[in-house]
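File shown: run.cif. Contents: mmCIF, C-alpha atoms.
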```
data_run
loop_
_atom_site.label_atom_id
_atom_site.label_comp_id
_atom_site.auth_asym_id
_atom_site.auth_seq_id
_atom_site.Cartn_x
_atom_site.Cartn_y
_atom_site.Cartn_z
CA MET C 15 16.88 -1.63 15.61
CA ALA C 16 18.53 -3.80 18.30
CA GLY C 17 21.03 -1.10 19.22
CA ALA C 18 18.93 1.93 18.38
CA ARG C 19 18.39 4.21 21.32
CA MET C 20 15.03 5.84 20.89
CA PRO C 21 14.04 6.93 24.37
CA VAL C 22 11.10 9.11 25.14
CA THR C 23 11.99 12.75 25.64
CA PRO C 24 12.06 14.11 29.20
CA GLU C 25 8.94 16.13 28.38
CA PHE C 26 6.99 13.09 27.19
CA GLY C 27 8.28 11.05 30.12
CA THR C 28 7.01 13.72 32.49
CA LEU C 29 3.65 13.68 30.70
CA LEU C 30 3.47 9.88 31.17
CA TYR C 31 4.24 10.30 34.86
CA VAL C 32 1.58 13.01 35.26
CA LEU C 33 -1.06 10.96 33.41
CA ALA C 34 -0.35 7.84 35.46
CA ARG C 35 -0.29 9.77 38.76
CA SER C 36 -3.38 11.88 38.11
CA SER C 37 -5.42 8.88 36.99
CA GLY C 38 -4.38 6.89 40.05
CA ALA C 39 -3.01 4.13 37.82
CA ARG C 40 -2.22 0.83 39.52
CA HIS C 41 -2.15 -1.40 36.42
CA ILE C 42 -0.21 -0.35 33.32
CA VAL C 43 0.69 -2.16 30.11
CA GLU C 44 3.45 -0.85 27.85
CA PHE C 45 4.14 -1.95 24.28
CA GLY C 46 7.78 -1.13 23.54
CA THR C 47 10.16 -1.15 26.48
CA SER C 48 13.35 -0.46 24.54
CA PHE C 49 15.94 0.55 27.16
CA GLY C 50 13.27 1.33 29.74
CA VAL C 51 13.16 5.14 29.87
CA SER C 52 9.37 5.39 29.57
CA THR C 53 9.13 2.38 31.88
CA LEU C 54 11.03 4.32 34.55
CA PHE C 55 8.59 7.23 34.41
CA LEU C 56 5.57 4.91 34.56
CA ALA C 57 7.00 2.75 37.35
CA ALA C 58 7.85 5.87 39.38
CA ALA C 59 4.22 6.95 39.06
CA LEU C 60 3.07 3.52 40.23
CA ARG C 61 5.39 3.76 43.26
CA ASP C 62 4.05 7.23 44.07
CA ASN C 63 0.47 5.94 43.65
CA GLY C 64 1.16 3.36 46.36
CA GLY C 65 2.23 0.43 44.18
CA GLY C 66 0.90 -1.59 41.32
CA ARG C 67 2.09 -3.59 38.35
CA LEU C 68 3.50 -2.60 34.98
CA VAL C 69 3.66 -5.27 32.29
CA THR C 70 5.95 -4.26 29.46
CA THR C 71 7.11 -6.07 26.37
CA GLU C 72 10.27 -5.81 24.28
CA PHE C 73 11.13 -7.77 21.16
CA VAL C 74 14.94 -7.48 21.53
CA ALA C 75 16.39 -9.40 24.50
CA GLN C 76 19.46 -7.15 24.83
CA LYS C 77 17.27 -4.06 25.16
CA ALA C 78 15.10 -5.81 27.76
CA ALA C 79 18.24 -6.67 29.76
CA SER C 80 19.33 -3.03 29.69
CA ALA C 81 15.85 -1.93 30.76
CA ALA C 82 15.90 -4.42 33.64
CA ALA C 83 19.27 -3.09 34.80
CA ASN C 84 18.00 0.50 34.63
CA LEU C 85 14.89 -0.39 36.64
CA HIS C 86 16.97 -2.24 39.22
CA GLU C 87 19.33 0.72 39.59
CA ALA C 88 16.34 3.05 40.08
CA GLY C 89 14.80 0.76 42.70
CA LEU C 90 11.67 0.18 40.62
CA ALA C 91 12.22 -3.37 39.34
CA ASP C 92 9.74 -4.87 41.81
CA LEU C 93 6.88 -3.08 40.02
CA VAL C 94 7.72 -4.22 36.49
CA ASP C 95 7.25 -7.48 34.59
CA ILE C 96 9.38 -7.34 31.42
CA ARG C 97 8.33 -9.81 28.75
CA ILE C 98 10.60 -10.61 25.83
CA GLY C 99 9.27 -11.45 22.39
CA ASP C 100 6.38 -10.69 20.08
CA ALA C 101 3.86 -8.54 21.96
CA MET C 102 0.95 -10.32 20.29
CA ALA C 103 2.14 -13.43 22.14
CA THR C 104 3.54 -11.93 25.36
CA LEU C 105 0.45 -9.84 26.13
CA VAL C 106 -2.19 -12.55 25.72
CA ARG C 107 -1.62 -13.94 29.21
CA ASP C 108 -1.65 -12.63 32.73
CA VAL C 109 -2.09 -8.92 32.08
CA PRO C 110 -3.24 -6.82 35.02
CA HIS C 111 -6.97 -6.31 35.27
CA PRO C 112 -8.41 -3.79 35.02
CA ILE C 113 -5.82 -1.90 32.99
CA ASP C 114 -5.64 1.78 33.94
CA LEU C 115 -3.16 2.96 31.29
CA ILE C 116 -1.78 1.54 28.05
CA LEU C 117 1.34 3.02 26.45
CA LEU C 118 1.92 2.18 22.79
CA ASP C 119 5.49 3.02 21.81
CA ALA C 120 6.86 0.47 19.36
CA SER C 121 5.90 -0.62 15.84
CA LYS C 122 3.25 1.92 14.84
CA GLY C 123 1.54 -0.55 12.51
CA LEU C 124 0.70 -2.79 15.48
CA TYR C 125 -0.91 -0.11 17.66
CA LEU C 126 -4.49 -1.03 16.72
CA ASP C 127 -3.83 -4.77 17.05
CA ILE C 128 -2.29 -4.32 20.50
CA LEU C 129 -5.11 -2.00 21.60
CA ARG C 130 -7.74 -4.50 20.48
CA LEU C 131 -5.86 -7.28 22.28
CA LEU C 132 -5.84 -5.32 25.55
CA GLU C 133 -9.14 -3.48 25.17
CA PRO C 134 -11.28 -6.04 27.03
CA ALA C 135 -9.22 -5.39 30.18
CA LEU C 136 -9.08 -1.57 29.82
CA ARG C 137 -11.33 0.03 32.40
CA GLN C 138 -13.82 2.76 31.69
CA GLY C 139 -11.89 5.99 32.19
CA GLY C 140 -8.65 4.18 31.35
CA LEU C 141 -6.05 5.93 29.23
CA VAL C 142 -4.43 4.95 25.95
CA VAL C 143 -1.27 6.92 25.18
CA SER C 144 0.64 6.53 21.95
CA ASP C 145 3.90 7.96 20.78
CA ARG C 146 4.34 9.21 17.24
CA ALA C 147 1.40 7.36 15.66
CA ASP C 148 1.51 10.06 13.00
CA LEU C 149 4.59 8.33 11.55
CA ASP C 150 3.10 5.65 9.34
CA GLY C 151 6.51 4.31 8.40
CA GLY C 152 5.35 2.44 5.33
CA ASP C 153 2.99 0.20 7.27
CA GLY C 154 0.23 0.44 4.68
CA GLY C 155 -1.79 2.94 6.66
CA ARG C 156 -2.17 0.77 9.76
CA ALA C 157 -1.11 3.59 12.09
CA SER C 158 -3.70 5.81 10.41
CA ALA C 159 -6.30 3.09 11.03
CA TYR C 160 -5.37 3.22 14.74
CA LEU C 161 -5.86 6.99 14.86
CA ASP C 162 -9.14 6.70 12.95
CA TYR C 163 -10.33 4.06 15.44
CA LEU C 164 -9.58 6.23 18.48
CA SER C 165 -11.01 9.39 16.97
CA ASN C 166 -14.35 7.74 16.13
CA PRO C 167 -16.61 8.28 19.20
CA ALA C 168 -18.59 5.16 18.24
CA ASN C 169 -15.58 3.11 19.40
CA GLY C 170 -15.87 4.49 22.92
CA TYR C 171 -12.91 6.86 23.13
CA ARG C 172 -12.25 10.58 23.31
CA MET C 173 -8.87 11.45 21.89
CA ALA C 174 -6.59 14.47 21.95
CA ALA C 175 -3.50 14.87 19.80
CA ILE C 176 -0.72 16.75 21.57
CA THR C 177 2.89 17.68 20.91
CA THR C 178 5.91 18.05 23.11
CA GLU C 179 9.16 19.79 22.25
CA ALA C 180 12.68 18.68 23.01
CA LEU C 181 16.08 19.15 21.41
CA GLY C 182 14.62 21.70 19.02
CA GLN C 183 12.10 19.22 17.61
CA ARG C 184 8.37 18.70 17.97
CA PHE C 185 7.02 15.24 18.78
CA ALA C 186 3.43 14.13 18.29
CA HIS C 187 1.55 12.00 20.82
CA ASP C 188 -2.04 10.91 21.27
CA VAL C 189 -3.95 10.55 24.51
CA ALA C 190 -7.35 8.88 24.60
CA VAL C 191 -9.70 8.10 27.45
CA ARG C 192 -12.17 5.25 27.33
CA ALA C 193 -15.56 6.85 27.72
#
```

Do you think you could lay out the structure here as structure tokens?
Amino acid sequence: MAGARMPVTPEFGTLLYVLARSSGARHIVEFGTSFGVSTLFLAAALRDNGGGRLVTTEFVAQKAASAAANLHEAGLADLVDIRIGDAMATLVRDVPHPIDLILLDASKGLYLDILRLLEPALRQGGLVVSDRADLDGGDGGRASAYLDYLSNPANGYRMAAITTEALGQRFAHDVAVRA
């Protein structure tokens, strides 16, 4: 997957921007930087919200370098802390508090683990956005466990499944707010 380009669609990127702007996000954590397309939308929202900090993590160093170059070219690098390596290790320290928005857009089977790792810092009214959690990808149902967790009101979330369309395809996303 080191060279795979799997950017968010323009429609989903715009949705990320709108969610971050309308919630007044100042602290964002992203799981899955890739080449930084979603990071650009989120960082632009932070800039338009008056500043803030986006901590993002990417397993592949070459992708992180490309993302950093893209953020620098867009004039948004000062808002973003790119961490390279296993997210379960890179996100255990120095995450912004309180977190206003979490974007989960990498290995679907880790969504619940990453959410639980970050959950103590997620503010009430904070958003959790995931991309394509409906694609289990042979992870033994772990992505389904994530969706079950968010859709159970006893866990403190209200979730909506939505789709966007681009390039003649439909893409599933989930948006949850911490009640």

Exercise for the section: Go through C:Arg67, C:His111, C:Lys122, C:His187 and flag the residue nearest Val94 in chain C, using only C-alpha atoms for the distances. Expected result: C:Arg67

Problem - Residue with smallest distance to Gly64 in chain C - pool C:Arg35, C:Ala91, C:Ala82, C:Met173, counting all atoms listed in the file - result: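 With all atoms listed in the file as the atom set, the closest residue is C:Arg35.
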
Selection under test: the PyMOL selection byres ((chain C and resi 95-100) around 9); residues as an mmCIF file with C-alpha atoms, keeping the file's coordinate frame:
```
data_model
loop_
_atom_site.group_PDB
_atom_site.id
_atom_site.type_symbol
_atom_site.label_atom_id
_atom_site.label_comp_id
_atom_site.auth_asym_id
_atom_site.auth_seq_id
_atom_site.Cartn_x
_atom_site.Cartn_y
_atom_site.Cartn_z
ATOM 1 C CA THR C 47 10.160 -1.150 26.480
ATOM 2 C CA ARG C 67 2.090 -3.590 38.350
ATOM 3 C CA LEU C 68 3.500 -2.600 34.980
ATOM 4 C CA VAL C 69 3.660 -5.270 32.290
ATOM 5 C CA THR C 70 5.950 -4.260 29.460
ATOM 6 C CA THR C 71 7.110 -6.070 26.370
ATOM 7 C CA GLU C 72 10.270 -5.810 24.280
ATOM 8 C CA PHE C 73 11.130 -7.770 21.160
ATOM 9 C CA VAL C 74 14.940 -7.480 21.530
ATOM 10 C CA ALA C 75 16.390 -9.400 24.500
ATOM 11 C CA ALA C 78 15.100 -5.810 27.760
ATOM 12 C CA ALA C 81 15.850 -1.930 30.760
ATOM 13 C CA ALA C 82 15.900 -4.420 33.640
ATOM 14 C CA ALA C 91 12.220 -3.370 39.340
ATOM 15 C CA ASP C 92 9.740 -4.870 41.810
ATOM 16 C CA LEU C 93 6.880 -3.080 40.020
ATOM 17 C CA VAL C 94 7.720 -4.220 36.490
ATOM 18 C CA ALA C 101 3.860 -8.540 21.960
ATOM 19 C CA MET C 102 0.950 -10.320 20.290
ATOM 20 C CA ALA C 103 2.140 -13.430 22.140
ATOM 21 C CA THR C 104 3.540 -11.930 25.360
ATOM 22 C CA LEU C 105 0.450 -9.840 26.130
#
```

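Atom pair CA of Ser158 in chain C / CA of Tyr171 in chain C: separated by 15.7 Å.
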
Practice task
Show which residues sit within 8 Å of range 51-60 of chain C, as number ranges by chain. Count all atoms listed in the file, and ignore same-chain residues fewer than 2 positions away.
Solution key: C: 21-22, 27-28, 30-32, 34-35, 39-40, 42, 44, 47-49, 62-68, 70, 81, 84-85, 88, 90, 93-94

Practice task
Enter the distance from CA of Phe45 in chain C to CA of Val142 in chain C, in Å, rounded to one decimal.
Solution key: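 Between these atoms lies a distance of 11.1 Å.
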
Exercise for the section: Counting only C-alpha atoms, select every polymer residue within 7 Å of (-1.2, 5.7, 24.7) as defined in the file's coordinates, and provide the selection as a VMD selection string. Expected result: chain C and resid 116 to 118 141 to 145 188 to 190
